[in-house]
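Report on the structure given below.
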Amino acid sequence: MDIPLCKPYIGEEEIKIVSDVLKSGWLAHGPKTKDFEKKFAEYIGIRNAVSVNSCTSALQLAIQAMELKGEIILPSFTFSASANAVVTSGCKPIFVDIGYDTCNIDSNKIKSKINKDTVAIMPVHFAGQCCKMDEIMEIAEKNNLVVIEDSAECIGGTFKNKKSGAFAIGCFSFYPTKNITTGEGGMITSNDDDLIQKASALKAHGVTTSAFEREKKQKPWFRAASFAGYNYRLCDILSAIGLIQLDKLDEMNSLRRKHASYLNKNLKFQEIELPIELKECKHVYQMYTIKLKENIDRDFFVRQLNSLGIGASVHFDPPVHLQPYYKNQNLDLDLPITESVSNSIVTLPMYPQLTREQLDKIICCVEKALKCCRK
């Protein structure tokens, strides 16, 4: 593609720090990882952060560390990892519809799904914009429910000046498409010290101390599992990249917002609906999505853009409840907005390095594709 869907913002600083770690001899779970966790927690504005190897692992460990057993409410309009983490942790996903404007979970639809088996709510912050967390937290507090924020797509996004992942238990992704990347990786954030301690052990075979911490003890070889855990750790090589990326995050998010503003001003075509930013939110545009009106064949439109060198895609089609594993559960679901958005949404290229020339080409190609796709 002339203009790919996404592109990691990697510079000489990341290359140098990886080289430094390789030369240090400490490649696994050492000082860079501890530093990354500390600085990430400070950035989010929360007391603790635990690094893991993916957001999926973060979601799974959050559920297991809280010892949740029952139903967890979440949107179907998300990547399957959100629901998969619920299932693999022994809980049952309960899907609810989204709001059309933001594509985030509709807090008004949550209440009707709460019953005696409900244990948690998992809001998914779509494409870089926070859910209405004040409403969700109020519902959770009234019903004694845990809240686990799937913040994979919203690193640095805010709701009423508070960052995603700071309202409850935050789970983040550092995949190459996200606002910062370590290649693969994730983070759990929380003010609950007990949760963090258990998640830290679960991610490392159930052992409560890291190799770096054991180095300072008289018997550094002593490793006793307190839980039946996993190997979900993030290594120092990737954590080092994360430290540099974190320093760049506000700059990168500012560029994403600038690009989105330019697209919003210039994609003025009657056949499409542009993304909105709620007044309470700071949108960080991990993705830039538009919706096509009914007179446009969405799939043909995406293929036309691809043929013109624009790396457009779709997030998310099909929604989770229509994917084979979940569809076979015979769930009785009525999610009309989720299904409508899934059939009309298009993701356009969005990354910090986009130039004005590239943005203009995207706009020009959208116009050309629309002319070809009118039904």
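Residues are named by chain letter and number: chains run A, B, ... in the order of the structure tokens, numbers start at 1 in each chain, and ligands are numbered from 1 in the order shown.
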
Would you tabulate, counting only C-alpha atoms, all residues of stretch 136-243 of chain A that have an atom at most 12 Å from an atom of stretch 91-105 of chain A, showing the closest pair of atoms and their distance in Å to one decimal, sorted by chain then ascending number, as CSV?
residue,atom,partner,partner_atom,distance
A:Ile136,CA,A:Ile105,CA,9.5
A:Glu149,CA,A:Ile105,CA,11.5
A:Asp150,CA,A:Asn104,CA,11.3
A:Ser151,CA,A:Asn104,CA,11.8
A:Glu153,CA,A:Asn104,CA,11.7
A:Cys154,CA,A:Asn104,CA,11.9

Please produce a file of those selected residues containing N, CA and C atoms, as a compact mmCIF listing (two decimals), in the first residue's frame.
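Ended up saving to selection.txt:
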# COMPACT_ATOMS: atom_id res chain seq x y z
N ILE A 136 -20.93 4.39 34.03
CA ILE A 136 -20.57 2.98 34.24
C ILE A 136 -20.13 2.73 35.68
N GLU A 149 -11.47 -2.08 32.63
CA GLU A 149 -11.43 -1.26 31.41
C GLU A 149 -10.53 -1.90 30.36
N ASP A 150 -11.11 -2.22 29.21
CA ASP A 150 -10.31 -2.65 28.07
C ASP A 150 -9.85 -1.37 27.37
N SER A 151 -8.64 -0.93 27.71
CA SER A 151 -8.08 0.31 27.19
C SER A 151 -7.05 0.07 26.09
N GLU A 153 -7.18 0.33 23.00
CA GLU A 153 -7.20 1.32 21.92
C GLU A 153 -7.19 2.76 22.43
N CYS A 154 -6.87 2.97 23.69
CA CYS A 154 -7.12 4.31 24.25
C CYS A 154 -6.01 4.75 25.21

Write out as a PyMOL selection string each polymer residue whose atoms come within 10 Å of A:Lys368, counting only C-alpha atoms; drop sequence neighbours fewer than 5 positions from it.
-> chain A and resi 301+304-305+308+362-363+373

Contacts of A:Pro4 at 6 Å (only C-alpha atoms; same-chain gap of 2+ positions) as a count of residues only = 3

If we count only C-alpha atoms, what is near A:Ser342 at a cut-off of 10 Å, once residues fewer than 3 positions away on the same chain are taken out, given as a list in words?
-> Phe77, Cys103, Lys291, Val314, His315, Phe316, Asp317, Pro318, Pro319, Pro336, Ile337, Thr338, Glu339, Ile345 and Val346 of chain A

Polymer residues at most 6 Å from stretch 53-55 of chain A, only C-alpha atoms, same-chain spacing of 4 or more positions, as a list of chain:residue names | A:Cys171, A:Phe172, A:Ser173, A:Gly185, A:Gly186, A:Tyr232, A:Arg233, A:Leu234

Saved selection, atoms kept: C-alpha atoms, as a PDB file, in the first residue's frame:
ATOM      1  CA  CYS A 171      -5.830  -3.232  30.663  1.00  0.00           C
ATOM      2  CA  PHE A 172      -3.640  -1.933  27.833  1.00  0.00           C
ATOM      3  CA  SER A 173      -2.089  -3.190  24.595  1.00  0.00           C
ATOM      4  CA  GLY A 185       3.007  -6.360  25.252  1.00  0.00           C
ATOM      5  CA  GLY A 186       0.420  -5.100  27.692  1.00  0.00           C
ATOM      6  CA  TYR A 232       2.853 -13.832  30.703  1.00  0.00           C
ATOM      7  CA  ARG A 233       5.913 -11.683  31.447  1.00  0.00           C
ATOM      8  CA  LEU A 234       7.257  -8.777  29.404  1.00  0.00           C
TER       9      LEU A 234
END

Find the spatial neighbours of A:Ser261, counting only C-alpha atoms, within a cut-off of 12 Å - ignore same-chain residues fewer than 5 positions away - and output them as a PyMOL selection string.
-> chain A and resi 254-256+266-267+274-277+283-285+288+350+356+359

Using N, CA and C atoms, can you write the selected residues to a file as a PDB file, in the first residue's frame?
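The result, stored in selection_7.pdb:
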ATOM      1  N   SER A 254      -0.929  13.896  19.954  1.00  0.00           N
ATOM      2  CA  SER A 254      -1.208  15.228  19.422  1.00  0.00           C
ATOM      3  C   SER A 254      -1.221  15.220  17.895  1.00  0.00           C
ATOM      4  N   LEU A 255      -0.289  14.489  17.295  1.00  0.00           N
ATOM      5  CA  LEU A 255      -0.252  14.385  15.837  1.00  0.00           C
ATOM      6  C   LEU A 255      -1.476  13.630  15.314  1.00  0.00           C
ATOM      7  N   ARG A 256      -1.876  12.562  16.002  1.00  0.00           N
ATOM      8  CA  ARG A 256      -3.082  11.836  15.601  1.00  0.00           C
ATOM      9  C   ARG A 256      -4.305  12.766  15.626  1.00  0.00           C
ATOM     10  N   ASN A 266     -12.158  18.001   5.868  1.00  0.00           N
ATOM     11  CA  ASN A 266     -12.074  17.842   4.422  1.00  0.00           C
ATOM     12  C   ASN A 266     -12.810  16.630   3.855  1.00  0.00           C
ATOM     13  N   LEU A 267     -13.225  15.721   4.702  1.00  0.00           N
ATOM     14  CA  LEU A 267     -14.020  14.581   4.221  1.00  0.00           C
ATOM     15  C   LEU A 267     -15.506  14.937   4.265  1.00  0.00           C
ATOM     16  N   LEU A 274     -18.739  11.135   9.901  1.00  0.00           N
ATOM     17  CA  LEU A 274     -17.406  11.258  10.476  1.00  0.00           C
ATOM     18  C   LEU A 274     -17.413  10.885  11.959  1.00  0.00           C
ATOM     19  N   PRO A 275     -16.262  10.527  12.512  1.00  0.00           N
ATOM     20  CA  PRO A 275     -16.204  10.241  13.956  1.00  0.00           C
ATOM     21  C   PRO A 275     -16.467  11.501  14.764  1.00  0.00           C
ATOM     22  N   ILE A 276     -17.046  11.319  15.937  1.00  0.00           N
ATOM     23  CA  ILE A 276     -17.296  12.466  16.815  1.00  0.00           C
ATOM     24  C   ILE A 276     -16.431  12.359  18.071  1.00  0.00           C
ATOM     25  N   GLU A 277     -16.204  13.495  18.684  1.00  0.00           N
ATOM     26  CA  GLU A 277     -15.497  13.547  19.962  1.00  0.00           C
ATOM     27  C   GLU A 277     -16.434  14.151  21.001  1.00  0.00           C
ATOM     28  N   HIS A 283     -10.121  12.490  22.602  1.00  0.00           N
ATOM     29  CA  HIS A 283     -10.006  11.355  21.690  1.00  0.00           C
ATOM     30  C   HIS A 283      -8.560  11.276  21.187  1.00  0.00           C
ATOM     31  N   VAL A 284      -7.950  10.088  21.239  1.00  0.00           N
ATOM     32  CA  VAL A 284      -6.553   9.952  20.790  1.00  0.00           C
ATOM     33  C   VAL A 284      -6.424   9.145  19.501  1.00  0.00           C
ATOM     34  N   TYR A 285      -7.541   8.862  18.850  1.00  0.00           N
ATOM     35  CA  TYR A 285      -7.575   8.339  17.484  1.00  0.00           C
ATOM     36  C   TYR A 285      -6.571   7.223  17.221  1.00  0.00           C
ATOM     37  N   TYR A 288      -9.027   5.876  12.980  1.00  0.00           N
ATOM     38  CA  TYR A 288      -9.912   6.902  12.442  1.00  0.00           C
ATOM     39  C   TYR A 288     -10.970   6.182  11.617  1.00  0.00           C
ATOM     40  N   MET A 350      -4.306   5.842   9.922  1.00  0.00           N
ATOM     41  CA  MET A 350      -4.061   6.821  10.992  1.00  0.00           C
ATOM     42  C   MET A 350      -2.793   6.431  11.741  1.00  0.00           C
ATOM     43  N   ARG A 356       0.830  15.904   5.150  1.00  0.00           N
ATOM     44  CA  ARG A 356      -0.307  16.599   4.537  1.00  0.00           C
ATOM     45  C   ARG A 356      -0.585  16.042   3.135  1.00  0.00           C
ATOM     46  N   LEU A 359      -2.461  12.795   3.620  1.00  0.00           N
ATOM     47  CA  LEU A 359      -3.837  13.063   4.044  1.00  0.00           C
ATOM     48  C   LEU A 359      -4.682  13.522   2.861  1.00  0.00           C
TER      49      LEU A 359
END

Within stretch 237-320 of chain A, find each residue whose DSSP state, derived from the backbone, is alpha helix (DSSP H), and express the selection as a PyMOL selection string.
-> chain A and resi 237-266+298-307

Put those residues in a file: C-alpha atoms, as a PDB file, in the first residue's frame.
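Output saved as result-v2.pdb:
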ATOM      1  CA  ILE A 237      14.099  -5.591  25.570  1.00  0.00           C
ATOM      2  CA  LEU A 238      10.443  -4.759  24.943  1.00  0.00           C
ATOM      3  CA  SER A 239      10.113  -2.731  28.143  1.00  0.00           C
ATOM      4  CA  ALA A 240      13.037  -0.569  27.012  1.00  0.00           C
ATOM      5  CA  ILE A 241      11.195   0.217  23.789  1.00  0.00           C
ATOM      6  CA  GLY A 242       8.127   1.030  25.882  1.00  0.00           C
ATOM      7  CA  LEU A 243      10.063   3.567  27.951  1.00  0.00           C
ATOM      8  CA  ILE A 244      11.043   5.513  24.833  1.00  0.00           C
ATOM      9  CA  GLN A 245       7.556   5.215  23.348  1.00  0.00           C
ATOM     10  CA  LEU A 246       5.995   6.485  26.570  1.00  0.00           C
ATOM     11  CA  ASP A 247       8.158   9.606  26.396  1.00  0.00           C
ATOM     12  CA  LYS A 248       6.791  10.228  22.884  1.00  0.00           C
ATOM     13  CA  LEU A 249       3.157   9.355  23.628  1.00  0.00           C
ATOM     14  CA  ASP A 250       1.723  12.841  24.100  1.00  0.00           C
ATOM     15  CA  GLU A 251       3.486  14.074  20.970  1.00  0.00           C
ATOM     16  CA  MET A 252       2.222  11.097  18.949  1.00  0.00           C
ATOM     17  CA  ASN A 253      -1.335  11.520  20.250  1.00  0.00           C
ATOM     18  CA  SER A 254      -1.208  15.228  19.422  1.00  0.00           C
ATOM     19  CA  LEU A 255      -0.252  14.385  15.837  1.00  0.00           C
ATOM     20  CA  ARG A 256      -3.082  11.836  15.601  1.00  0.00           C
ATOM     21  CA  ARG A 257      -5.547  14.469  16.794  1.00  0.00           C
ATOM     22  CA  LYS A 258      -4.168  16.986  14.294  1.00  0.00           C
ATOM     23  CA  HIS A 259      -4.543  14.512  11.418  1.00  0.00           C
ATOM     24  CA  ALA A 260      -8.081  13.600  12.504  1.00  0.00           C
ATOM     25  CA  SER A 261      -9.049  17.280  12.629  1.00  0.00           C
ATOM     26  CA  TYR A 262      -7.774  17.764   9.073  1.00  0.00           C
ATOM     27  CA  LEU A 263      -9.695  14.737   7.824  1.00  0.00           C
ATOM     28  CA  ASN A 264     -12.853  15.905   9.609  1.00  0.00           C
ATOM     29  CA  LYS A 265     -12.635  19.282   7.877  1.00  0.00           C
ATOM     30  CA  ASN A 266     -12.074  17.842   4.422  1.00  0.00           C
ATOM     31  CA  ARG A 298     -19.068  -0.825   2.103  1.00  0.00           C
ATOM     32  CA  ASP A 299     -17.041  -3.880   1.079  1.00  0.00           C
ATOM     33  CA  PHE A 300     -16.629  -2.648  -2.497  1.00  0.00           C
ATOM     34  CA  PHE A 301     -15.666   0.793  -1.141  1.00  0.00           C
ATOM     35  CA  VAL A 302     -12.843  -0.693   0.956  1.00  0.00           C
ATOM     36  CA  ARG A 303     -11.591  -2.737  -1.982  1.00  0.00           C
ATOM     37  CA  GLN A 304     -11.622   0.374  -4.172  1.00  0.00           C
ATOM     38  CA  LEU A 305      -9.529   2.281  -1.623  1.00  0.00           C
ATOM     39  CA  ASN A 306      -7.091  -0.620  -1.427  1.00  0.00           C
ATOM     40  CA  SER A 307      -6.766  -0.646  -5.224  1.00  0.00           C
TER      41      SER A 307
END

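The residue set within 8 Å of A:Arg47, counting only C-alpha atoms and dropping same-chain residues fewer than 6 places from it, reads Ala41, Thr189, Ser190 and Asn191 of chain A.
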
Suppose you want the space between atom CA of A:Pro75 and atom CA of A:Phe167; what is it in Å?
-> 18.2 Å

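If you look at atom CA of A:Val21 and atom CA of A:Ala49, they are 21.5 Å away from each other.
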
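Using only C-alpha atoms for every distance, the candidate list A:Pro324, A:Gly90, A:Gly156, A:Gly170 yields A:Gly170 as the residue closest to A:Met122.
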
In terms of only C-alpha atoms, the residue from A:Ala65, A:Ile114, A:Leu59, A:Ala225 at minimal distance from A:Ala85 is A:Leu59

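Distance check against A:Lys163 using only C-alpha atoms: of A:Leu68, A:Met133, A:Ala140, A:Ile121, the minimum falls on A:Met133.
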